[in-house]
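Asks: Provided below: data_26.cif, containing mmCIF, C-alpha atoms and all ligand atoms.
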```
data_data
loop_
_atom_site.label_atom_id
_atom_site.label_comp_id
_atom_site.auth_asym_id
_atom_site.auth_seq_id
_atom_site.Cartn_x
_atom_site.Cartn_y
_atom_site.Cartn_z
CA MET A 6 132.91 -31.75 -5.46
CA THR A 7 129.80 -31.58 -7.61
CA ILE A 8 129.78 -29.84 -10.96
CA ALA A 9 127.29 -27.31 -9.59
CA THR A 10 129.68 -26.41 -6.74
CA GLN A 11 132.60 -26.16 -9.13
CA LEU A 12 130.64 -23.86 -11.41
CA ARG A 13 129.58 -21.75 -8.46
CA GLN A 14 133.14 -21.39 -7.19
CA LYS A 15 134.32 -20.43 -10.65
CA LYS A 16 131.59 -17.82 -10.83
CA THR A 17 132.59 -16.27 -7.49
CA LEU A 18 136.04 -15.65 -8.91
CA GLU A 19 134.70 -13.82 -11.94
CA ARG A 20 134.51 -10.06 -11.82
CA VAL A 21 131.08 -8.49 -12.10
CA GLU A 22 131.18 -5.02 -13.58
CA PRO A 23 129.19 -2.64 -11.34
CA PRO A 24 126.87 -0.09 -12.97
CA LYS A 25 128.20 3.42 -13.42
CA LEU A 26 127.36 5.10 -10.12
CA PRO A 27 126.88 8.84 -9.49
CA THR A 28 129.95 10.71 -8.29
CA VAL A 29 130.04 12.50 -4.92
CA ASP A 30 129.67 15.71 -6.88
CA ASP A 31 126.50 14.39 -8.55
CA VAL A 32 125.13 13.62 -5.10
CA ARG A 33 126.12 17.04 -3.81
CA LYS A 34 124.25 18.74 -6.64
CA VAL A 35 120.90 17.16 -5.74
CA VAL A 36 121.13 18.00 -2.02
CA PRO A 37 119.54 21.39 -1.25
CA ALA A 38 122.10 24.09 -0.42
CA HIS A 39 120.60 24.79 3.02
CA CYS A 40 121.57 21.27 4.16
CA PHE A 41 125.23 22.29 4.08
CA VAL A 42 124.76 25.32 6.32
CA LYS A 43 126.35 24.86 9.76
CA ASP A 44 124.60 27.08 12.24
CA PRO A 45 126.65 27.28 15.46
CA ILE A 46 123.78 28.78 17.44
CA LYS A 47 121.45 25.97 16.43
CA SER A 48 124.15 23.38 17.16
CA ILE A 49 124.77 24.84 20.63
CA ARG A 50 121.04 24.90 21.23
CA TYR A 51 120.92 21.13 20.69
CA LEU A 52 123.83 20.66 23.08
CA ILE A 53 122.02 22.65 25.77
CA GLN A 54 118.75 20.84 25.02
CA ASP A 55 120.42 17.48 25.58
CA TYR A 56 121.96 18.66 28.86
CA ILE A 57 118.56 19.85 30.05
CA LEU A 58 116.91 16.54 29.14
CA ILE A 59 119.64 14.60 30.96
CA ALA A 60 119.23 16.84 34.02
CA ALA A 61 115.46 16.24 33.85
CA LEU A 62 116.04 12.48 33.80
CA TYR A 63 118.26 12.78 36.88
CA LEU A 64 115.55 14.78 38.62
CA ALA A 65 112.99 12.13 37.67
CA VAL A 66 114.88 9.04 38.82
CA PRO A 67 114.04 9.27 42.58
CA TYR A 68 110.34 9.36 41.67
CA LEU A 69 110.65 6.47 39.22
CA GLU A 70 112.35 4.43 41.92
CA ARG A 71 109.89 5.44 44.60
CA TYR A 72 106.77 4.59 42.59
CA PHE A 73 107.96 1.80 40.31
CA GLY A 74 110.93 0.31 42.16
CA VAL A 75 113.43 -1.70 40.16
CA LEU A 76 111.22 -1.54 37.06
CA GLY A 77 111.31 2.25 37.19
CA LEU A 78 115.08 2.19 37.52
CA PHE A 79 115.41 -0.20 34.60
CA ALA A 80 113.20 2.00 32.40
CA TRP A 81 115.32 5.00 33.45
CA TYR A 82 118.48 3.21 32.33
CA TRP A 83 117.04 2.77 28.85
CA LEU A 84 115.93 6.39 28.67
CA MET A 85 119.38 7.47 29.82
CA GLY A 86 120.97 5.22 27.21
CA PHE A 87 119.02 6.93 24.42
CA GLN A 88 119.49 10.44 25.78
CA LEU A 89 123.21 10.05 26.42
CA CYS A 90 123.49 8.78 22.86
CA ALA A 91 121.82 11.99 21.72
CA LEU A 92 124.50 13.97 23.56
CA PHE A 93 127.09 11.78 21.90
CA VAL A 94 125.68 12.62 18.45
CA VAL A 95 126.12 16.34 19.12
CA GLY A 96 129.78 15.69 20.00
CA HIS A 97 130.01 13.48 16.91
CA ASP A 98 129.10 16.51 14.76
CA CYS A 99 131.85 18.45 16.54
CA GLY A 100 134.34 15.71 15.69
CA HIS A 101 133.37 15.86 12.03
CA GLY A 102 133.48 19.67 11.92
CA SER A 103 129.79 19.79 10.98
CA PHE A 104 128.89 21.47 14.28
CA SER A 105 130.32 24.82 13.12
CA ASP A 106 133.06 26.26 10.91
CA TYR A 107 135.20 27.08 13.97
CA THR A 108 137.59 24.32 15.02
CA TRP A 109 138.04 25.79 18.51
CA LEU A 110 134.27 25.82 19.06
CA ASN A 111 133.93 22.26 17.71
CA ASP A 112 136.70 21.02 20.00
CA LEU A 113 135.31 22.85 23.02
CA CYS A 114 131.72 21.67 22.56
CA GLY A 115 132.91 18.21 21.51
CA HIS A 116 134.66 17.82 24.84
CA LEU A 117 131.66 19.25 26.68
CA ALA A 118 129.47 16.60 25.03
CA HIS A 119 131.81 13.63 25.21
CA ALA A 120 133.87 13.97 28.40
CA PRO A 121 130.87 13.60 30.78
CA ILE A 122 129.98 10.30 29.08
CA PHE A 123 133.53 8.97 29.31
CA ALA A 124 134.16 9.22 25.56
CA PRO A 125 137.61 10.66 24.77
CA TYR A 126 136.78 13.25 22.11
CA TRP A 127 139.95 13.59 20.04
CA PRO A 128 140.90 9.90 19.95
CA TRP A 129 137.38 8.90 18.91
CA GLN A 130 137.36 11.64 16.29
CA LYS A 131 140.42 9.93 14.80
CA SER A 132 139.13 6.35 14.84
CA HIS A 133 135.73 7.44 13.55
CA ARG A 134 137.24 9.30 10.59
CA GLN A 135 138.83 6.05 9.44
CA HIS A 136 135.39 4.43 9.42
CA HIS A 137 134.01 7.19 7.19
CA GLN A 138 136.90 7.33 4.77
CA TYR A 139 136.79 3.61 4.03
CA THR A 140 133.20 2.47 4.55
CA ALA A 141 132.71 -1.15 3.41
CA HIS A 142 136.42 -1.53 2.61
CA LEU A 143 137.39 -5.04 3.68
CA ASP A 144 140.64 -4.05 5.41
CA LYS A 145 140.51 -0.33 6.07
CA ASP A 146 137.00 0.21 7.47
CA LYS A 147 137.18 0.70 11.24
CA GLY A 148 134.82 0.16 14.15
CA HIS A 149 133.23 -3.21 13.52
CA PRO A 150 135.87 -5.16 11.61
CA TRP A 151 134.78 -7.25 8.64
CA VAL A 152 135.32 -10.94 9.22
CA THR A 153 136.13 -13.33 6.37
CA LYS A 154 135.84 -17.10 6.60
CA GLN A 155 139.59 -17.30 7.09
CA ASP A 156 139.48 -14.74 9.94
CA PHE A 157 136.58 -16.62 11.48
CA ASP A 158 138.34 -19.98 11.32
CA ASN A 159 141.43 -18.48 12.96
CA ARG A 160 139.46 -17.07 15.88
CA THR A 161 139.31 -18.62 19.31
CA LEU A 162 135.95 -19.89 20.52
CA LEU A 163 135.53 -16.79 22.70
CA GLU A 164 136.32 -14.45 19.81
CA LYS A 165 133.91 -16.31 17.56
CA TYR A 166 130.95 -16.22 19.86
CA PHE A 167 131.49 -13.34 22.30
CA ALA A 168 129.39 -10.92 20.25
CA ALA A 169 126.65 -13.55 20.05
CA LEU A 170 126.19 -13.32 23.84
CA PRO A 171 123.54 -10.63 24.34
CA ILE A 172 125.23 -9.35 27.54
CA SER A 173 128.38 -8.49 25.54
CA GLY A 174 126.57 -5.50 24.03
CA TRP A 175 126.86 -3.66 27.37
CA PHE A 176 130.65 -3.95 27.35
CA ARG A 177 131.63 -3.62 23.71
CA TRP A 178 131.86 0.20 23.82
CA ILE A 179 133.32 0.70 27.31
CA PRO A 180 135.70 -0.91 28.13
CA ILE A 181 136.31 -3.17 25.11
CA TYR A 182 136.42 -0.62 22.28
CA THR A 183 137.46 2.62 23.94
CA VAL A 184 139.59 1.47 26.87
CA ILE A 185 141.06 -1.92 25.96
CA GLY A 186 141.12 -0.89 22.32
CA LEU A 187 139.76 -3.91 20.47
CA PRO A 188 140.06 -3.74 17.52
CA ASP A 189 141.30 -0.23 16.68
CA GLY A 190 143.62 0.50 19.61
CA SER A 191 142.94 2.04 23.02
CA HIS A 192 141.45 5.52 22.95
CA PHE A 193 142.91 6.23 26.41
CA TRP A 194 146.45 4.90 26.13
CA PRO A 195 148.69 7.45 24.33
CA TRP A 196 151.00 4.77 22.88
CA SER A 197 148.25 2.57 21.45
CA LYS A 198 148.25 1.72 17.74
CA LEU A 199 145.58 4.35 17.13
CA PHE A 200 148.11 7.15 17.54
CA THR A 201 151.08 7.88 15.33
CA THR A 202 152.20 11.42 16.18
CA THR A 203 153.13 13.30 19.33
CA GLU A 204 150.18 15.61 18.71
CA ASP A 205 147.82 12.60 18.68
CA ARG A 206 149.30 11.39 21.96
CA ILE A 207 148.98 14.77 23.67
CA LYS A 208 145.39 15.01 22.49
CA CYS A 209 144.75 11.52 23.88
CA VAL A 210 146.06 12.60 27.30
CA VAL A 211 143.96 15.79 27.33
CA SER A 212 140.71 14.11 26.24
CA GLY A 213 141.30 11.16 28.57
CA ALA A 214 142.06 13.45 31.52
CA LEU A 215 138.84 15.37 30.92
CA CYS A 216 136.88 12.09 31.00
CA ALA A 217 138.61 11.13 34.26
CA ILE A 218 137.85 14.56 35.78
CA CYS A 219 134.16 14.22 34.88
CA ALA A 220 134.00 10.71 36.35
CA TYR A 221 135.66 12.04 39.52
CA VAL A 222 133.24 14.98 39.78
CA ALA A 223 130.38 12.48 39.46
CA LEU A 224 131.88 10.44 42.31
CA SER A 225 132.85 13.30 44.61
CA TYR A 226 130.32 16.06 44.04
CA PHE A 227 127.21 14.22 42.85
CA CYS A 228 127.62 10.91 44.68
CA GLU A 229 129.45 12.22 47.79
CA PHE A 230 132.04 9.46 47.42
CA SER A 231 129.49 6.65 47.44
CA VAL A 232 130.90 4.14 44.97
CA TYR A 233 127.56 2.32 45.05
CA ASN A 234 125.68 5.42 43.88
CA TRP A 235 128.37 6.22 41.33
CA ILE A 236 127.97 2.80 39.73
CA LYS A 237 124.21 2.93 39.96
CA TYR A 238 123.63 6.43 38.62
CA TYR A 239 126.72 7.17 36.54
CA TRP A 240 128.35 4.00 35.30
CA ILE A 241 125.38 1.75 34.54
CA PRO A 242 123.65 4.46 32.43
CA LEU A 243 126.92 4.70 30.50
CA THR A 244 126.78 0.98 29.76
CA PHE A 245 123.28 1.45 28.31
CA GLN A 246 124.56 4.32 26.21
CA GLY A 247 127.43 2.06 25.16
CA LEU A 248 124.98 -0.65 24.13
CA MET A 249 123.02 1.82 21.99
CA MET A 250 126.25 3.11 20.43
CA VAL A 251 127.16 -0.42 19.42
CA VAL A 252 123.63 -1.20 18.19
CA ILE A 253 123.50 1.96 16.07
CA THR A 254 126.96 1.71 14.54
CA TYR A 255 126.48 -2.00 13.88
CA LEU A 256 123.04 -1.83 12.29
CA GLN A 257 123.91 1.08 9.96
CA HIS A 258 126.39 -1.09 8.15
CA GLN A 259 125.50 -4.71 8.75
CA ASP A 260 122.80 -6.70 7.02
CA GLU A 261 122.52 -9.90 5.03
CA ASP A 262 122.59 -7.92 1.79
CA VAL A 263 125.49 -5.49 2.28
CA GLU A 264 128.50 -5.81 0.07
CA VAL A 265 132.07 -5.39 1.28
CA TYR A 266 134.93 -4.73 -1.12
CA GLU A 267 138.53 -5.71 -1.50
CA HIS A 268 140.86 -2.84 -2.27
CA ASP A 269 140.69 -3.07 -6.08
CA GLU A 270 136.90 -3.06 -6.16
CA TRP A 271 136.33 -0.44 -3.47
CA ASN A 272 135.59 3.18 -4.16
CA PHE A 273 134.09 5.84 -1.93
CA VAL A 274 130.61 5.97 -3.50
CA ARG A 275 130.31 2.22 -3.86
CA GLY A 276 131.23 1.82 -0.20
CA GLN A 277 128.80 4.48 1.01
CA THR A 278 125.88 2.96 -0.91
CA GLN A 279 126.16 -0.01 1.46
CA THR A 280 125.11 2.16 4.41
CA ILE A 281 121.59 1.52 5.70
CA ASP A 282 119.12 4.02 7.13
CA ARG A 283 117.06 2.44 9.88
CA THR A 284 114.01 3.96 11.50
CA TYR A 285 113.80 2.84 15.13
CA GLY A 286 110.44 4.49 15.82
CA PHE A 287 108.99 5.43 19.23
CA GLY A 288 110.41 8.95 18.73
CA LEU A 289 113.93 7.58 19.17
CA ASP A 290 115.15 8.81 15.79
CA THR A 291 114.30 12.36 16.77
CA VAL A 292 115.77 11.94 20.27
CA MET A 293 119.03 10.64 18.78
CA HIS A 294 119.20 13.41 16.17
CA HIS A 295 118.50 11.16 13.16
CA ILE A 296 121.84 9.41 13.23
CA THR A 297 119.72 6.28 12.72
CA ASP A 298 117.48 7.26 9.79
CA GLY A 299 119.79 9.88 8.26
CA HIS A 300 122.95 7.82 8.23
CA VAL A 301 123.29 7.50 4.44
CA ALA A 302 123.28 11.29 4.03
CA HIS A 303 125.70 11.53 6.97
CA HIS A 304 128.07 9.13 5.24
CA PHE A 305 128.09 10.96 1.94
CA PHE A 306 128.78 14.34 3.56
CA PHE A 307 130.08 13.60 7.03
CA THR A 308 132.04 16.82 7.38
CA LYS A 309 129.42 19.03 5.79
CA ILE A 310 125.87 18.28 6.93
CA PRO A 311 124.89 18.90 10.56
CA HIS A 312 122.54 16.38 12.18
CA TYR A 313 119.56 18.73 11.98
CA ASN A 314 119.74 18.76 8.17
CA LEU A 315 120.22 15.04 7.58
CA LEU A 316 116.60 14.23 6.82
CA ASP A 317 116.29 17.07 4.30
CA ALA A 318 119.31 15.66 2.49
CA THR A 319 118.04 12.07 2.59
CA GLU A 320 115.06 12.41 0.23
CA PRO A 321 117.01 13.73 -2.80
CA ILE A 322 119.74 11.10 -2.29
CA LYS A 323 117.06 8.43 -2.23
CA LYS A 324 115.67 9.78 -5.54
CA LEU A 325 119.10 9.94 -7.15
CA LEU A 326 119.76 6.30 -6.26
CA GLU A 327 116.29 5.20 -7.42
CA PRO A 328 117.52 3.81 -10.79
CA TYR A 329 119.83 1.47 -8.86
CA LYS A 330 117.17 -0.01 -6.62
CA THR A 331 117.29 -3.43 -8.28
CA THR A 332 121.09 -3.49 -7.93
CA PRO A 333 123.13 -3.61 -4.67
CA TYR A 334 123.66 0.17 -4.96
CA GLY A 335 120.19 1.56 -4.36
CA TYR A 336 119.22 3.62 -1.31
CA LYS A 337 118.82 1.21 1.61
CA SER A 338 116.34 1.82 4.39
CA GLN A 339 114.37 -0.30 6.83
CA THR A 340 111.92 0.31 9.62
CA ASN A 341 113.17 -1.63 12.62
CA TYR A 342 111.04 -1.27 15.73
CA ASP A 343 112.73 -4.54 16.62
CA PHE A 344 116.19 -2.92 16.47
CA LEU A 345 117.44 -4.61 19.64
CA PHE A 346 116.25 -8.04 18.61
CA ARG A 347 117.74 -7.50 15.16
CA TYR A 348 121.09 -6.51 16.65
CA PHE A 349 121.17 -9.58 18.87
CA THR A 350 120.13 -12.00 16.10
CA PHE A 351 122.50 -10.51 13.49
CA ASN A 352 125.36 -11.11 15.93
CA VAL A 353 124.50 -14.78 15.66
CA THR A 354 123.54 -15.12 12.00
CA LEU A 355 126.02 -12.76 10.33
CA ASP A 356 129.11 -14.78 11.14
CA TYR A 357 131.49 -14.23 8.25
CA LEU A 358 131.81 -12.92 4.72
CA ILE A 359 132.38 -15.01 1.63
CA HIS A 360 133.08 -14.04 -1.95
CA LYS A 361 130.12 -13.29 -4.09
CA SER A 362 132.22 -12.32 -7.10
CA LYS A 363 135.82 -11.26 -7.62
CA GLY A 364 136.74 -8.67 -4.99
CA VAL A 365 133.18 -8.46 -3.62
CA LEU A 366 132.10 -10.16 -0.41
CA GLN A 367 128.81 -10.61 1.35
CA TYR A 368 127.67 -12.38 4.49
CA ARG A 369 127.52 -16.12 4.01
CA VAL A 370 123.85 -16.28 4.94
CA GLY A 371 122.97 -13.59 2.35
CA VAL A 372 124.90 -15.31 -0.43
CA GLU A 373 123.33 -18.67 0.41
CA LYS A 374 119.83 -17.18 0.42
CA SER A 375 120.26 -15.55 -2.96
CA ARG A 376 121.69 -18.80 -4.41
CA GLN A 377 118.65 -20.69 -3.19
CA GLN A 378 116.38 -18.17 -4.90
CA GLN A 379 118.23 -18.57 -8.21
ZN ZN A 401 128.64 4.82 9.94
ZN ZN A 402 130.15 9.95 11.67
#
```
Could you take the file, read its structure, and then write that structure out as structure tokens?
Ligand SMILES: [Zn+2]
Ligand SMILES: [Zn+2]

Replies:
Amino acid sequence: MTIATQLRQKKTLERVEPPKLPTVDDVRKVVPAHCFVKDPIKSIRYLIQDYILIAALYLAVPYLERYFGVLGLFAWYWLMGFQLCALFVVGHDCGHGSFSDYTWLNDLCGHLAHAPIFAPYWPWQKSHRQHHQYTAHLDKDKGHPWVTKQDFDNRTLLEKYFAALPISGWFRWIPIYTVIGLPDGSHFWPWSKLFTTTEDRIKCVVSGALCAICAYVALSYFCEFSVYNWIKYYWIPLTFQGLMMVVITYLQHQDEDVEVYEHDEWNFVRGQTQTIDRTYGFGLDTVMHHITDGHVAHHFFFTKIPHYNLLDATEPIKKLLEPYKTTPYGYKSQTNYDFLFRYFTFNVTLDYLIHKSKGVLQYRVGVEKSRQQQ
């Protein structure tokens, strides 16, 4: 081992004192009061708007197929993927309680938004909350698990490289995450590790049954029991929505530069500053209710700011974090018209985390790049 390597290893074990960051209360004070107003009428309007747009896409598909053939159908799948994601975001607000102040209304509209797209509302509400409570926590963050070198070395070849196969993106939401339950537990099986109480299990059965009913209505009423049509017009669009779900949730938290913390170094604000706002462009941010470019604000106040106020809250947060822009704790944003390409390449290049200092990890490739620049 060279002296340089020894010195480097010693350095990674030393603790680096982070700067004093604003508290959540400091952040709350700079966000305009209107951002915290939940307007049930406005929220319902977005739900209806998304239904109408989905209905319009269904009305358009015969024409797209007639005039553009397979290409038209393929384009329709993408549009459906984005638009079904938009519907998901409305249900996501319901799950967080930022849709309205009425739990019954949130639960009702959450099921109306999620059941038709085969997303079990209450179980996902639970797994998603864990992601928000412990963002960038090495062990407790949920959704996309953080992988250390040791985890990576212990993985089978398939586990190591499955995500690197572009096609995997279409299956990582349904069935892998929600049905099979990798890694957080099945969202459909009442005795999976996701659930701990009888109430959780009953909720799992109810939400799961509503998904099954919607899938059956699609098969019986809309597809007149044609399994071919059901796959073509119901299931495949869901796989595109699933791909976009994975792309969005992955890219908001993964980059070469993000830091991930062991328990002793983690705190809520430090973790949330590792969230990244990404502008996808082409009008997609608006279509998907700014869950892409308003994600930092969403993470700071996930139970308090509805999607339609996220952008108004983003600017003041950006300003507040301005003094930290040369540190790892500044406001992070990127414009990524190449979001798909970025997702696919990150799944190859961001393989595992290594220590950057005591209790702080970063992707190997990011650490190596910054060492080369030193
Ligand atoms: Zn997130
Ligand atoms: Zn959320």

Asks: Looking at all atoms listed in the file, which of A:Cys219, A:Ile241, A:Leu248, A:Leu76 is the one that sits closest to A:Ser173?

Replies: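 For A:Ser173, the nearest of the given residues is A:Leu248.
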
Asks: Counting all atoms listed in the file, what are the residues, protein, DNA or RNA alike, that approach ligand ZN 402 (chain A) to within 9 Å? I want them as an MDAnalysis selection string.

Replies: chainID A and resid 94 97:98 100:101 130 133:134 136:137 296 300 303:304 307:308

Asks: Filtering to C-alpha atoms, could you give me those residues as a PDB file, keeping the file's coordinate frame?

Replies:
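Generated file (out_8.pdb):
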```
ATOM      1  CA  VAL A  94     125.680  12.620  18.450  1.00  0.00           C
ATOM      2  CA  HIS A  97     130.010  13.480  16.910  1.00  0.00           C
ATOM      3  CA  ASP A  98     129.100  16.510  14.760  1.00  0.00           C
ATOM      4  CA  GLY A 100     134.340  15.710  15.690  1.00  0.00           C
ATOM      5  CA  HIS A 101     133.370  15.860  12.030  1.00  0.00           C
ATOM      6  CA  GLN A 130     137.360  11.640  16.290  1.00  0.00           C
ATOM      7  CA  HIS A 133     135.730   7.440  13.550  1.00  0.00           C
ATOM      8  CA  ARG A 134     137.240   9.300  10.590  1.00  0.00           C
ATOM      9  CA  HIS A 136     135.390   4.430   9.420  1.00  0.00           C
ATOM     10  CA  HIS A 137     134.010   7.190   7.190  1.00  0.00           C
ATOM     11  CA  ILE A 296     121.840   9.410  13.230  1.00  0.00           C
ATOM     12  CA  HIS A 300     122.950   7.820   8.230  1.00  0.00           C
ATOM     13  CA  HIS A 303     125.700  11.530   6.970  1.00  0.00           C
ATOM     14  CA  HIS A 304     128.070   9.130   5.240  1.00  0.00           C
ATOM     15  CA  PHE A 307     130.080  13.600   7.030  1.00  0.00           C
ATOM     16  CA  THR A 308     132.040  16.820   7.380  1.00  0.00           C
TER      17      THR A 308
END
```

Asks: Give me, as a CSV table (one decimal) with C-alpha atoms, in the frame of the given file, the set of residues whose atoms come within 12 Å of any atom of ligand ZN 401 (chain A), counting only C-alpha atoms and all ligand atoms.

Replies:
```
chain,number,residue,atom,x,y,z
A,94,VAL,CA,125.7,12.6,18.4
A,97,HIS,CA,130.0,13.5,16.9
A,132,SER,CA,139.1,6.4,14.8
A,133,HIS,CA,135.7,7.4,13.6
A,134,ARG,CA,137.2,9.3,10.6
A,135,GLN,CA,138.8,6.0,9.4
A,136,HIS,CA,135.4,4.4,9.4
A,137,HIS,CA,134.0,7.2,7.2
A,138,GLN,CA,136.9,7.3,4.8
A,139,TYR,CA,136.8,3.6,4.0
A,140,THR,CA,133.2,2.5,4.6
A,141,ALA,CA,132.7,-1.2,3.4
A,146,ASP,CA,137.0,0.2,7.5
A,147,LYS,CA,137.2,0.7,11.2
A,148,GLY,CA,134.8,0.2,14.2
A,149,HIS,CA,133.2,-3.2,13.5
A,250,MET,CA,126.2,3.1,20.4
A,251,VAL,CA,127.2,-0.4,19.4
A,252,VAL,CA,123.6,-1.2,18.2
A,253,ILE,CA,123.5,2.0,16.1
A,254,THR,CA,127.0,1.7,14.5
A,255,TYR,CA,126.5,-2.0,13.9
A,256,LEU,CA,123.0,-1.8,12.3
A,257,GLN,CA,123.9,1.1,10.0
A,258,HIS,CA,126.4,-1.1,8.2
A,259,GLN,CA,125.5,-4.7,8.8
A,276,GLY,CA,131.2,1.8,-0.2
A,277,GLN,CA,128.8,4.5,1.0
A,278,THR,CA,125.9,3.0,-0.9
A,279,GLN,CA,126.2,0.0,1.5
A,280,THR,CA,125.1,2.2,4.4
A,281,ILE,CA,121.6,1.5,5.7
A,282,ASP,CA,119.1,4.0,7.1
A,283,ARG,CA,117.1,2.4,9.9
A,296,ILE,CA,121.8,9.4,13.2
A,297,THR,CA,119.7,6.3,12.7
A,298,ASP,CA,117.5,7.3,9.8
A,299,GLY,CA,119.8,9.9,8.3
A,300,HIS,CA,123.0,7.8,8.2
A,301,VAL,CA,123.3,7.5,4.4
A,302,ALA,CA,123.3,11.3,4.0
A,303,HIS,CA,125.7,11.5,7.0
A,304,HIS,CA,128.1,9.1,5.2
A,305,PHE,CA,128.1,11.0,1.9
A,306,PHE,CA,128.8,14.3,3.6
A,307,PHE,CA,130.1,13.6,7.0
```

Asks: For atom CA of A:Asn159 and atom CA of A:Ile181, determine how far apart the two atoms are, in Å to one decimal place.

Replies: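 Separation of atom CA of A:Asn159 and atom CA of A:Ile181: 20.2 Å.
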
Asks: Take atom CA of A:Lys25 and atom CA of A:Pro321 and report the distance between them in Å, one decimal.

Replies: 18.6 Å

Asks: For A:Arg50, which residue among A:Ile122, A:Leu315, A:Leu92, A:Leu224 is the nearest when counting only C-alpha atoms?

Replies: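 Result for the nearest residue to A:Arg50: A:Leu92.
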
Asks: What lies within 9 Å of A:Val372 using only C-alpha atoms, ignoring chain neighbours under 2 positions off, as a VMD selection string?

Replies: chain A and resid 261 to 262 358 to 361 366 to 370 374 to 377

Asks: Considering only C-alpha atoms, return as a list in words whatever protein or nucleic-acid residues lie within 12 Å of A:Lys324, sequence-local ones (same chain, fewer than 2 positions apart) excluded.

Replies: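 Returned residues: Pro27, Val32, Val35, Val36, Ala318, Thr319, Glu320, Pro321, Ile322, Leu326, Glu327, Pro328, Tyr329, Lys330, Gly335, Tyr336 and Lys337 of chain A.
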
Asks: Here is a test: counting all atoms listed in the file, which residue of A:Ala124, A:Leu325, A:Val211, A:Val265 is nearest to A:Asp144?

Replies: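 Checking each of A:Ala124, A:Leu325, A:Val211, A:Val265 against A:Asp144, counting all atoms listed in the file, the winner is A:Val265.
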
Asks: Between A:Pro311, A:Pro171, A:Gly213, A:Pro150, which is the closest to A:Tyr357 once you count only C-alpha atoms?

Replies: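 Ranking A:Pro311, A:Pro171, A:Gly213, A:Pro150 by distance to A:Tyr357, first place goes to A:Pro150.
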
Asks: Which value, in Å to one decimal, gives the distance between atom CA of A:Tyr239 and atom CA of A:Tyr126?

Replies: 18.6 Å

Asks: Considering all atoms listed in the file, can you say which of A:Ser362, A:Ser103, A:Thr28, A:Thr331 comes closest to A:Tyr313?

Replies: A:Ser103

Asks: Considering all atoms listed in the file, return as a ChimeraX atom specification whatever protein or nucleic-acid residues lie within 12 Å of A:Asp205, sequence-local ones (same chain, fewer than 4 positions apart) excluded.

Replies: /A:126-132,192-201,209-213

Asks: Could you write those residues out with C-alpha atoms, as a PDB file, in the frame of the given file?

Replies:
```
ATOM      1  CA  TYR A 126     136.780  13.250  22.110  1.00  0.00           C
ATOM      2  CA  TRP A 127     139.950  13.590  20.040  1.00  0.00           C
ATOM      3  CA  PRO A 128     140.900   9.900  19.950  1.00  0.00           C
ATOM      4  CA  TRP A 129     137.380   8.900  18.910  1.00  0.00           C
ATOM      5  CA  GLN A 130     137.360  11.640  16.290  1.00  0.00           C
ATOM      6  CA  LYS A 131     140.420   9.930  14.800  1.00  0.00           C
ATOM      7  CA  SER A 132     139.130   6.350  14.840  1.00  0.00           C
ATOM      8  CA  HIS A 192     141.450   5.520  22.950  1.00  0.00           C
ATOM      9  CA  PHE A 193     142.910   6.230  26.410  1.00  0.00           C
ATOM     10  CA  TRP A 194     146.450   4.900  26.130  1.00  0.00           C
ATOM     11  CA  PRO A 195     148.690   7.450  24.330  1.00  0.00           C
ATOM     12  CA  TRP A 196     151.000   4.770  22.880  1.00  0.00           C
ATOM     13  CA  SER A 197     148.250   2.570  21.450  1.00  0.00           C
ATOM     14  CA  LYS A 198     148.250   1.720  17.740  1.00  0.00           C
ATOM     15  CA  LEU A 199     145.580   4.350  17.130  1.00  0.00           C
ATOM     16  CA  PHE A 200     148.110   7.150  17.540  1.00  0.00           C
ATOM     17  CA  THR A 201     151.080   7.880  15.330  1.00  0.00           C
ATOM     18  CA  CYS A 209     144.750  11.520  23.880  1.00  0.00           C
ATOM     19  CA  VAL A 210     146.060  12.600  27.300  1.00  0.00           C
ATOM     20  CA  VAL A 211     143.960  15.790  27.330  1.00  0.00           C
ATOM     21  CA  SER A 212     140.710  14.110  26.240  1.00  0.00           C
ATOM     22  CA  GLY A 213     141.300  11.160  28.570  1.00  0.00           C
TER      23      GLY A 213
END
```

Asks: Given all atoms listed in the file as the basis, pick out the residue of A:Asp189, A:Asp269, A:Asp290, A:Asp30 nearest to A:Phe344.

Replies: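 Closest to A:Phe344, using all atoms listed in the file: A:Asp290.
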
Asks: Which neighbours of A:Lys47 fall inside 10 Å, counting all atoms listed in the file, when residues of the same chain fewer than 3 positions from it are skipped, and could you give them as a list in words?

Replies: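 Counting all atoms listed in the file, the residues come to Lys43, Asp44, Arg50, Tyr51, Leu52, Ile53, Phe104, Ser105, Pro311 and Tyr313 of chain A.
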
Asks: N, CA and C atoms for stretch 127-131 of chain A, written as a short mmCIF file (atom, residue, chain, number, x, y, z; two decimals), in the coordinates of the input, could you do that?

Replies:
```cif
data_model
loop_
_atom_site.label_atom_id
_atom_site.label_comp_id
_atom_site.auth_asym_id
_atom_site.auth_seq_id
_atom_site.Cartn_x
_atom_site.Cartn_y
_atom_site.Cartn_z
N TRP A 127 139.00 13.59 21.16
CA TRP A 127 139.95 13.59 20.04
C TRP A 127 140.30 12.19 19.55
N PRO A 128 140.60 11.25 20.44
CA PRO A 128 140.90 9.90 19.95
C PRO A 128 139.74 9.29 19.15
N TRP A 129 138.51 9.48 19.64
CA TRP A 129 137.38 8.90 18.91
C TRP A 129 137.19 9.60 17.56
N GLN A 130 137.45 10.90 17.56
CA GLN A 130 137.36 11.64 16.29
C GLN A 130 138.27 10.95 15.26
N LYS A 131 139.45 10.55 15.70
CA LYS A 131 140.42 9.93 14.80
C LYS A 131 139.93 8.54 14.33
#
```
